[in-house]
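Structure data (mmCIF, C-alpha atoms) from run-v8.cif:
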```cif
data_input
#
loop_
_atom_site.label_atom_id
_atom_site.label_comp_id
_atom_site.auth_asym_id
_atom_site.auth_seq_id
_atom_site.Cartn_x
_atom_site.Cartn_y
_atom_site.Cartn_z
CA MET N 608 51.23 -98.02 56.96
CA LYS N 609 50.86 -94.34 56.09
CA TYR N 610 48.89 -92.24 58.53
CA PHE N 611 47.57 -88.81 57.70
CA LEU N 612 49.11 -86.34 60.12
CA ILE N 613 45.97 -84.80 61.54
CA LEU N 614 44.70 -86.69 64.57
CA PHE N 615 47.61 -88.69 65.77
CA THR N 616 50.56 -86.50 65.04
CA PHE N 617 49.14 -84.17 67.66
CA ILE N 618 49.91 -86.79 70.26
CA MET N 619 53.43 -85.42 70.10
CA VAL N 620 52.19 -81.87 70.61
CA LEU N 621 50.05 -82.53 73.65
CA GLY N 622 52.44 -84.57 75.69
CA CYS N 623 50.97 -86.98 78.19
CA LYS N 624 50.43 -86.86 81.92
CA GLY N 625 51.30 -89.88 83.95
CA GLY N 626 54.32 -91.69 85.23
CA SER N 627 55.99 -90.89 88.54
CA ASN N 628 57.89 -88.05 90.09
CA SER N 629 60.62 -90.38 91.37
CA VAL N 630 62.51 -90.86 88.11
CA THR N 631 66.20 -90.17 88.65
CA GLU N 632 68.85 -89.02 86.20
CA ALA N 633 70.25 -92.56 86.30
CA ASP N 634 66.82 -93.92 85.34
CA VAL N 635 66.65 -91.49 82.42
CA ALA N 636 70.08 -92.60 81.21
CA ARG N 637 69.21 -96.31 81.50
CA ALA N 638 65.94 -95.74 79.64
CA ILE N 639 67.75 -93.94 76.82
CA LYS N 640 70.14 -96.89 76.51
CA LYS N 641 67.25 -99.35 76.32
CA ALA N 642 65.48 -97.17 73.74
CA ASP N 643 68.65 -97.06 71.63
CA GLU N 644 68.78 -100.86 71.73
CA ALA N 645 65.11 -100.95 70.71
CA LYS N 646 65.81 -98.72 67.72
CA ILE N 647 68.49 -101.12 66.50
CA LEU N 648 66.05 -104.03 66.75
CA MET N 649 63.41 -101.97 64.95
CA ASN N 650 65.80 -101.10 62.12
CA ASP N 651 66.55 -104.83 61.77
CA GLY N 652 62.83 -105.52 61.37
CA LYS N 653 62.56 -107.21 64.77
CA PHE N 654 59.46 -105.26 65.73
CA GLU N 655 58.16 -107.43 68.55
CA GLU N 656 61.57 -107.53 70.25
CA ALA N 657 61.80 -103.77 69.78
CA ALA N 658 58.38 -103.34 71.38
CA LEU N 659 59.47 -105.28 74.45
CA LYS N 660 62.65 -103.24 74.74
CA PHE N 661 60.73 -99.96 74.41
CA GLU N 662 58.42 -101.13 77.19
CA GLU N 663 61.49 -101.78 79.34
CA ALA N 664 62.58 -98.21 78.61
CA TYR N 665 59.16 -96.93 79.60
CA LYS N 666 59.12 -98.91 82.85
CA THR N 667 62.53 -97.42 83.64
CA ASN N 668 61.36 -93.88 82.90
CA THR N 669 57.58 -93.65 83.10
CA ASP N 670 57.78 -89.90 82.57
CA ASN N 671 58.54 -90.50 78.88
CA PHE N 672 55.31 -91.58 77.19
CA ASP N 673 57.11 -91.69 73.84
CA TYR N 674 58.60 -95.04 74.82
CA LEU N 675 55.14 -96.53 75.29
CA MET N 676 54.00 -95.10 71.96
CA HIS N 677 57.02 -96.60 70.21
CA ALA N 678 56.29 -99.98 71.80
CA ILE N 679 52.72 -99.88 70.51
CA ASP N 680 53.85 -98.71 67.08
CA ASN N 681 56.19 -101.69 66.80
CA TYR N 682 53.47 -104.12 67.80
CA ASN N 683 51.26 -102.51 65.17
CA GLN N 684 53.99 -102.91 62.55
CA GLU N 685 54.01 -106.62 63.36
CA GLY N 686 50.22 -106.77 63.21
CA GLU N 687 50.07 -107.60 66.91
CA TYR N 688 47.18 -105.27 67.64
CA GLU N 689 45.89 -107.22 70.63
CA LYS N 690 49.30 -106.85 72.28
CA SER N 691 49.10 -103.10 71.66
CA LEU N 692 45.73 -102.98 73.42
CA GLN N 693 47.00 -105.14 76.27
CA LEU N 694 49.93 -102.78 76.72
CA LEU N 695 47.65 -99.75 76.78
CA GLU N 696 45.35 -101.45 79.29
CA LYS N 697 48.34 -102.39 81.44
CA TYR N 698 49.16 -98.73 82.05
CA SER N 699 45.65 -97.29 81.75
CA ALA N 700 45.46 -96.21 85.41
CA ASP N 701 48.13 -93.56 84.76
CA TYR N 702 46.27 -91.96 81.84
CA THR N 703 42.56 -91.79 82.66
CA ASP N 704 42.56 -88.02 81.98
CA SER N 705 44.85 -88.05 78.95
CA PRO N 706 43.50 -87.36 75.43
CA VAL N 707 46.78 -88.81 74.12
CA TYR N 708 46.05 -92.19 75.67
CA PHE N 709 42.57 -92.42 74.20
CA GLN N 710 43.73 -91.22 70.76
CA LEU N 711 46.42 -93.89 70.71
CA LYS N 712 43.90 -96.54 71.72
CA ALA N 713 41.50 -95.35 69.02
CA GLY N 714 44.28 -95.71 66.46
CA VAL N 715 44.81 -99.37 67.35
CA TYR N 716 41.09 -100.12 67.16
CA GLN N 717 40.99 -98.44 63.76
CA LEU N 718 43.76 -100.72 62.52
CA ILE N 719 41.82 -103.74 63.77
CA GLY N 720 38.73 -102.48 61.96
CA ASP N 721 36.68 -101.98 65.12
CA MET N 722 35.37 -98.55 64.23
CA LYS N 723 32.80 -98.50 67.04
CA SER N 724 35.51 -98.83 69.70
CA ALA N 725 37.75 -96.42 67.82
CA LYS N 726 35.08 -93.74 67.78
CA GLN N 727 34.27 -94.34 71.45
CA ASN N 728 37.88 -93.63 72.35
CA ILE N 729 37.97 -90.55 70.11
CA GLN N 730 34.92 -89.33 72.04
CA LYS N 731 36.71 -89.97 75.35
CA ALA N 732 39.79 -88.10 74.11
CA TYR N 733 37.61 -85.15 73.14
CA GLU N 734 35.87 -85.13 76.52
CA VAL N 735 39.12 -84.95 78.51
CA TRP N 736 40.92 -82.48 76.22
CA GLU N 737 40.49 -78.91 77.42
CA PRO N 738 39.01 -76.87 74.55
CA ILE N 739 41.33 -74.59 72.61
CA GLU N 740 39.56 -71.32 71.86
CA ILE N 741 40.49 -68.65 69.33
CA ASN N 742 41.35 -66.24 72.14
CA ASP N 743 44.00 -68.71 73.28
CA LEU N 744 45.96 -68.30 70.04
CA ASN N 745 48.86 -65.89 70.28
CA ASN N 746 51.46 -67.10 67.79
CA GLU N 747 52.35 -69.77 65.24
CA SER N 748 53.21 -72.38 67.88
CA ASP N 749 49.57 -72.38 69.01
CA LEU N 750 48.23 -73.43 65.62
CA MET N 751 49.11 -77.12 65.67
CA PRO N 752 47.34 -77.79 69.01
CA LEU N 753 44.34 -75.92 67.62
CA THR N 754 44.16 -78.00 64.46
CA GLY N 755 44.67 -81.18 66.46
CA TYR N 756 41.77 -80.28 68.69
CA ALA N 757 39.58 -79.32 65.74
CA MET N 758 40.21 -82.63 63.96
CA LEU N 759 39.49 -84.52 67.16
CA GLU N 760 36.31 -82.47 67.53
CA ALA N 761 35.22 -83.49 64.04
CA GLY N 762 36.04 -87.13 64.73
CA ALA N 763 33.98 -86.98 67.93
CA GLY N 764 30.92 -85.96 65.93
CA TYR N 765 31.07 -82.17 66.10
CA GLN N 766 32.12 -81.44 62.53
CA GLN N 767 30.35 -78.10 62.21
CA LYS N 768 31.80 -76.80 65.48
CA ALA N 769 35.26 -77.84 64.30
CA LEU N 770 34.73 -76.20 60.92
CA GLN N 771 33.61 -72.95 62.55
CA ARG N 772 36.65 -73.07 64.84
CA MET N 773 38.96 -73.29 61.83
CA ASN N 774 37.17 -70.56 59.89
CA ASP N 775 37.39 -68.27 62.93
CA ALA N 776 41.11 -69.00 63.23
CA LEU N 777 41.62 -68.02 59.59
CA LYS N 778 40.40 -64.51 60.46
CA LEU N 779 43.30 -63.86 62.85
CA GLU N 780 45.20 -60.79 61.68
CA TRP N 781 48.68 -61.98 62.67
CA LEU N 782 48.65 -65.10 60.43
CA SER N 783 51.38 -65.36 57.81
CA GLU N 784 50.60 -66.72 54.34
CA ARG N 785 52.18 -70.01 55.37
CA ASN N 786 49.98 -70.10 58.48
CA LYS N 787 46.89 -69.46 56.38
CA GLU N 788 47.75 -72.22 53.92
CA TYR N 789 48.28 -74.68 56.77
CA LEU N 790 44.96 -73.79 58.42
CA GLN N 791 43.15 -73.94 55.09
CA GLN N 792 44.44 -77.45 54.45
CA ILE N 793 43.17 -78.65 57.81
CA ARG N 794 39.90 -76.78 57.35
CA ASN N 795 39.44 -78.58 54.03
CA GLU N 796 40.01 -81.96 55.66
CA ILE N 797 37.37 -81.16 58.27
CA GLU N 798 34.91 -79.84 55.70
CA TYR N 799 35.08 -83.06 53.69
CA TYR N 800 35.43 -85.38 56.66
CA ASP N 801 33.05 -88.34 56.43
CA SER N 802 32.00 -89.67 59.83
CA LYS N 803 31.33 -93.06 58.21
CA SER N 804 34.92 -93.39 57.00
CA SER N 805 38.11 -94.20 58.86
CA ILE N 806 39.07 -91.97 61.76
CA ILE N 807 42.66 -91.77 60.62
CA LEU N 808 42.72 -90.09 57.23
CA GLU N 809 45.28 -90.87 54.57
CA TYR N 810 46.68 -89.11 51.55
CA THR N 811 45.45 -91.55 48.92
CA ASN N 812 45.46 -91.41 45.13
CA ASP N 813 41.87 -92.56 44.63
CA ILE N 814 41.06 -90.00 41.93
CA ILE N 815 43.50 -88.96 39.21
CA ILE N 816 42.86 -85.81 37.19
CA CYS N 817 44.80 -85.23 33.97
CA THR N 818 45.55 -81.64 33.07
CA THR N 819 47.51 -79.48 30.65
CA ASN N 820 48.27 -77.00 33.43
CA ILE N 821 49.05 -78.47 36.84
CA ASP N 822 49.53 -75.14 38.62
CA SER N 823 46.20 -73.81 37.41
CA LEU N 824 44.35 -76.97 38.40
CA LYS N 825 45.93 -76.98 41.86
CA ALA N 826 44.86 -73.37 42.37
CA VAL N 827 41.27 -74.12 41.33
CA LEU N 828 41.05 -77.15 43.60
CA PHE N 829 42.50 -75.35 46.62
CA LYS N 830 40.22 -72.37 46.07
CA ASN N 831 37.33 -74.80 46.29
CA HIS N 832 38.66 -76.37 49.50
CA ILE N 833 39.99 -79.54 47.85
CA ASN N 834 43.38 -80.80 49.00
CA ILE N 835 45.57 -82.83 46.67
CA SER N 836 47.57 -85.90 47.65
CA GLY N 837 50.29 -85.28 45.08
CA SER N 838 51.03 -84.69 41.42
CA SER N 839 53.24 -85.84 38.56
CA SER N 840 54.23 -83.81 35.53
CA ARG N 841 54.92 -84.41 31.86
CA GLY N 842 57.05 -81.53 30.73
CA LYS N 843 56.56 -78.05 32.21
CA GLN N 844 52.79 -77.88 32.66
CA ALA N 845 50.94 -81.07 31.71
CA GLY N 846 50.53 -83.93 34.13
CA LYS N 847 48.31 -85.56 36.74
CA VAL N 848 46.93 -84.46 40.09
CA TYR N 849 45.94 -87.01 42.74
CA VAL N 850 43.00 -86.52 45.09
CA ALA N 851 41.56 -88.64 47.91
CA GLU N 852 38.09 -90.14 47.68
CA ARG N 853 36.65 -87.90 50.41
CA PHE N 854 36.91 -84.88 48.08
CA ARG N 855 34.85 -86.53 45.32
CA ARG N 856 31.73 -84.41 45.81
CA GLY N 857 33.82 -81.25 45.50
CA ILE N 858 35.30 -82.46 42.23
CA GLU N 859 31.88 -83.40 40.91
CA LYS N 860 30.58 -79.95 41.86
CA LEU N 861 33.30 -78.46 39.65
CA ASN N 862 32.28 -80.81 36.80
CA ILE N 863 35.80 -82.21 36.61
CA THR N 864 36.04 -85.68 35.07
CA PRO N 865 38.87 -87.89 36.38
CA CYS N 866 41.05 -89.59 33.79
CA GLN N 867 41.58 -92.49 36.19
CA ASP N 868 39.53 -93.62 39.18
CA SER N 869 40.49 -96.39 41.57
CA ILE N 870 37.11 -96.41 43.30
CA GLN N 871 34.57 -96.42 40.46
#
```

How does this structure look as structure tokens?
Amino acid sequence: MKYFLILFTFIMVLGCKGGSNSVTEADVARAIKKADEAKILMNDGKFEEAALKFEEAYKTNTDNFDYLMHAIDNYNQEGEYEKSLQLLEKYSADYTDSPVYFQLKAGVYQLIGDMKSAKQNIQKAYEVWEPIEINDLNNESDLMPLTGYAMLEAGAGYQQKALQRMNDALKLEWLSERNKEYLQQIRNEIEYYDSKSSIILEYTNDIIICTTNIDSLKAVLFKNHINISGSSSRGKQAGKVYVAERFRRGIEKLNITPCQDSIQ
């Protein structure tokens, strides 16, 4: 199960409100022990047992939302999506104002294939997430929350607003070349985002383009706002470049003919 980093990796950036203020150092230590036990079960492929153990860790230290996320992830690995939703509902009262909670719930619905419910929860996450404006950006550490918010904004149905937000961010004078490349990649994802497709995007190899000069082709694609999923080479220059289906119209605009196509 390979998620694209955009929407749900930012769960880790935001953090999550909830839990109690009465967690002691002893509670923290006991929760860490339970989480370590859960990791062993997870590594042994015992995902449901790991999920239960992670929930025990969370109940011991409700200030650490990561434990709840790990529990849900293990249920998802086992295909127990209803148990993931039940677990989220069980602790919903603590997270009514948390974009993290609603993003996580949307992810489970997406895995089930219930896109209507997934989009509803993306909308809720967007509504409770305080907007991140360009004037709020002061250094590199502010860029990931910005891109997370912009992708959520696109998923909530405000694609043009999100695209404008990213283009405005690219005008910041203090950006390094690495910062610019990162923002451009996210901007490209938003530009080609299809509201009818899955909320969680993936790096897929739907379209394969054969070339005699990989570096040149990559440069042309990126200049035209097309991200690649990967590449493979034959010798120094020749090889193949892999592109996801959502960038098809950009490739067609460039009159590039794929040498292999898993969709058509």

Non-local contacts of region 687-692 of chain N (9 Å; only C-alpha atoms; under 2 positions in same chain excluded) as a VMD selection string: chain N and resid 655 678 to 685 694 to 697 712 715 to 716 718 to 719

Picked residues, the PyMOL selection byres ((chain N and resi 707-709) around 6), as a ChimeraX atom specification: /N:618,705-706,710-712,728,732

Separation of CA of Lys666 (chain N) from CA of Glu644 (chain N), in Å and rounded to one decimal: 14.9 Å

Answer key for the PyMOL selection byres ((chain N and resi 771-783) around 10), residues as a ChimeraX atom specification: /N:739-742,744-747,750,753-754,756-758,760,766-770,784-791,793-795,797-798

Atomic distance CA of Ser629 (chain N) - CA of Phe654 (chain N), expressed in Å with one decimal: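 Value for the CA of Ser629 (chain N)-CA of Phe654 (chain N) distance: 29.7 Å.
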
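Counting from CA of Ser836 (chain N), the distance to CA of Tyr849 (chain N) is 5.3 Å.
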
Could region 813-837 of chain N be completed with N, CA, C and O atoms and returned as a PDB file, keeping the file's coordinate frame?
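The file below, selection_25.pdb, is the result:
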```
ATOM      1  N   ASP N 813      43.080 -91.907  45.119  1.00  0.00           N
ATOM      2  CA  ASP N 813      41.870 -92.560  44.630  1.00  0.00           C
ATOM      3  C   ASP N 813      41.403 -91.994  43.288  1.00  0.00           C
ATOM      4  O   ASP N 813      40.897 -92.709  42.442  1.00  0.00           O
ATOM      5  N   ILE N 814      41.547 -90.686  43.130  1.00  0.00           N
ATOM      6  CA  ILE N 814      41.060 -90.000  41.930  1.00  0.00           C
ATOM      7  C   ILE N 814      42.243 -89.314  41.246  1.00  0.00           C
ATOM      8  O   ILE N 814      42.991 -88.575  41.885  1.00  0.00           O
ATOM      9  N   ILE N 815      42.401 -89.563  39.966  1.00  0.00           N
ATOM     10  CA  ILE N 815      43.500 -88.960  39.210  1.00  0.00           C
ATOM     11  C   ILE N 815      42.906 -88.042  38.146  1.00  0.00           C
ATOM     12  O   ILE N 815      42.057 -88.452  37.351  1.00  0.00           O
ATOM     13  N   ILE N 816      43.358 -86.801  38.142  1.00  0.00           N
ATOM     14  CA  ILE N 816      42.860 -85.810  37.190  1.00  0.00           C
ATOM     15  C   ILE N 816      44.010 -85.426  36.246  1.00  0.00           C
ATOM     16  O   ILE N 816      45.070 -84.984  36.702  1.00  0.00           O
ATOM     17  N   CYS N 817      43.804 -85.615  34.964  1.00  0.00           N
ATOM     18  CA  CYS N 817      44.800 -85.230  33.970  1.00  0.00           C
ATOM     19  C   CYS N 817      44.580 -83.769  33.573  1.00  0.00           C
ATOM     20  O   CYS N 817      43.438 -83.313  33.459  1.00  0.00           O
ATOM     21  N   THR N 818      45.665 -83.061  33.371  1.00  0.00           N
ATOM     22  CA  THR N 818      45.550 -81.640  33.070  1.00  0.00           C
ATOM     23  C   THR N 818      46.694 -81.177  32.161  1.00  0.00           C
ATOM     24  O   THR N 818      47.758 -81.802  32.129  1.00  0.00           O
ATOM     25  N   THR N 819      46.446 -80.096  31.451  1.00  0.00           N
ATOM     26  CA  THR N 819      47.510 -79.480  30.650  1.00  0.00           C
ATOM     27  C   THR N 819      48.192 -78.361  31.411  1.00  0.00           C
ATOM     28  O   THR N 819      49.157 -77.781  30.929  1.00  0.00           O
ATOM     29  N   ASN N 820      47.679 -78.057  32.615  1.00  0.00           N
ATOM     30  CA  ASN N 820      48.270 -77.000  33.430  1.00  0.00           C
ATOM     31  C   ASN N 820      48.101 -77.351  34.907  1.00  0.00           C
ATOM     32  O   ASN N 820      47.077 -77.065  35.522  1.00  0.00           O
ATOM     33  N   ILE N 821      49.120 -77.993  35.459  1.00  0.00           N
ATOM     34  CA  ILE N 821      49.050 -78.470  36.840  1.00  0.00           C
ATOM     35  C   ILE N 821      48.849 -77.323  37.825  1.00  0.00           C
ATOM     36  O   ILE N 821      48.004 -77.388  38.724  1.00  0.00           O
ATOM     37  N   ASP N 822      49.617 -76.255  37.673  1.00  0.00           N
ATOM     38  CA  ASP N 822      49.530 -75.140  38.620  1.00  0.00           C
ATOM     39  C   ASP N 822      48.136 -74.531  38.652  1.00  0.00           C
ATOM     40  O   ASP N 822      47.600 -74.208  39.720  1.00  0.00           O
ATOM     41  N   SER N 823      47.546 -74.381  37.482  1.00  0.00           N
ATOM     42  CA  SER N 823      46.200 -73.810  37.410  1.00  0.00           C
ATOM     43  C   SER N 823      45.172 -74.726  38.069  1.00  0.00           C
ATOM     44  O   SER N 823      44.297 -74.262  38.810  1.00  0.00           O
ATOM     45  N   LEU N 824      45.288 -76.017  37.817  1.00  0.00           N
ATOM     46  CA  LEU N 824      44.350 -76.970  38.400  1.00  0.00           C
ATOM     47  C   LEU N 824      44.482 -76.990  39.927  1.00  0.00           C
ATOM     48  O   LEU N 824      43.477 -76.980  40.651  1.00  0.00           O
ATOM     49  N   LYS N 825      45.712 -76.997  40.422  1.00  0.00           N
ATOM     50  CA  LYS N 825      45.930 -76.980  41.860  1.00  0.00           C
ATOM     51  C   LYS N 825      45.278 -75.758  42.490  1.00  0.00           C
ATOM     52  O   LYS N 825      44.650 -75.848  43.559  1.00  0.00           O
ATOM     53  N   ALA N 826      45.426 -74.614  41.850  1.00  0.00           N
ATOM     54  CA  ALA N 826      44.860 -73.370  42.370  1.00  0.00           C
ATOM     55  C   ALA N 826      43.337 -73.441  42.427  1.00  0.00           C
ATOM     56  O   ALA N 826      42.711 -73.019  43.410  1.00  0.00           O
ATOM     57  N   VAL N 827      42.730 -73.992  41.369  1.00  0.00           N
ATOM     58  CA  VAL N 827      41.270 -74.120  41.330  1.00  0.00           C
ATOM     59  C   VAL N 827      40.779 -75.052  42.427  1.00  0.00           C
ATOM     60  O   VAL N 827      39.798 -74.759  43.133  1.00  0.00           O
ATOM     61  N   LEU N 828      41.453 -76.180  42.586  1.00  0.00           N
ATOM     62  CA  LEU N 828      41.050 -77.150  43.600  1.00  0.00           C
ATOM     63  C   LEU N 828      41.170 -76.554  45.005  1.00  0.00           C
ATOM     64  O   LEU N 828      40.241 -76.663  45.824  1.00  0.00           O
ATOM     65  N   PHE N 829      42.281 -75.900  45.279  1.00  0.00           N
ATOM     66  CA  PHE N 829      42.500 -75.350  46.620  1.00  0.00           C
ATOM     67  C   PHE N 829      41.511 -74.229  46.919  1.00  0.00           C
ATOM     68  O   PHE N 829      41.022 -74.091  48.047  1.00  0.00           O
ATOM     69  N   LYS N 830      41.202 -73.441  45.911  1.00  0.00           N
ATOM     70  CA  LYS N 830      40.220 -72.370  46.070  1.00  0.00           C
ATOM     71  C   LYS N 830      38.866 -72.929  46.460  1.00  0.00           C
ATOM     72  O   LYS N 830      38.082 -72.281  47.186  1.00  0.00           O
ATOM     73  N   ASN N 831      38.594 -74.139  46.000  1.00  0.00           N
ATOM     74  CA  ASN N 831      37.330 -74.800  46.290  1.00  0.00           C
ATOM     75  C   ASN N 831      37.457 -75.809  47.445  1.00  0.00           C
ATOM     76  O   ASN N 831      36.654 -76.740  47.545  1.00  0.00           O
ATOM     77  N   HIS N 832      38.474 -75.607  48.261  1.00  0.00           N
ATOM     78  CA  HIS N 832      38.660 -76.370  49.500  1.00  0.00           C
ATOM     79  C   HIS N 832      38.951 -77.841  49.257  1.00  0.00           C
ATOM     80  O   HIS N 832      38.579 -78.701  50.063  1.00  0.00           O
ATOM     81  N   ILE N 833      39.622 -78.157  48.176  1.00  0.00           N
ATOM     82  CA  ILE N 833      39.990 -79.540  47.850  1.00  0.00           C
ATOM     83  C   ILE N 833      41.505 -79.682  47.945  1.00  0.00           C
ATOM     84  O   ILE N 833      42.251 -79.034  47.211  1.00  0.00           O
ATOM     85  N   ASN N 834      41.959 -80.528  48.855  1.00  0.00           N
ATOM     86  CA  ASN N 834      43.380 -80.800  49.000  1.00  0.00           C
ATOM     87  C   ASN N 834      43.811 -81.871  48.000  1.00  0.00           C
ATOM     88  O   ASN N 834      43.026 -82.762  47.663  1.00  0.00           O
ATOM     89  N   ILE N 835      45.040 -81.792  47.555  1.00  0.00           N
ATOM     90  CA  ILE N 835      45.570 -82.830  46.670  1.00  0.00           C
ATOM     91  C   ILE N 835      46.539 -83.711  47.447  1.00  0.00           C
ATOM     92  O   ILE N 835      47.148 -83.287  48.429  1.00  0.00           O
ATOM     93  N   SER N 836      46.647 -84.963  47.013  1.00  0.00           N
ATOM     94  CA  SER N 836      47.570 -85.900  47.650  1.00  0.00           C
ATOM     95  C   SER N 836      48.958 -85.836  47.020  1.00  0.00           C
ATOM     96  O   SER N 836      49.948 -86.218  47.641  1.00  0.00           O
ATOM     97  N   GLY N 837      49.021 -85.360  45.774  1.00  0.00           N
ATOM     98  CA  GLY N 837      50.290 -85.280  45.080  1.00  0.00           C
ATOM     99  C   GLY N 837      50.055 -84.986  43.603  1.00  0.00           C
ATOM    100  O   GLY N 837      48.925 -84.808  43.157  1.00  0.00           O
TER     101      GLY N 837
END
```
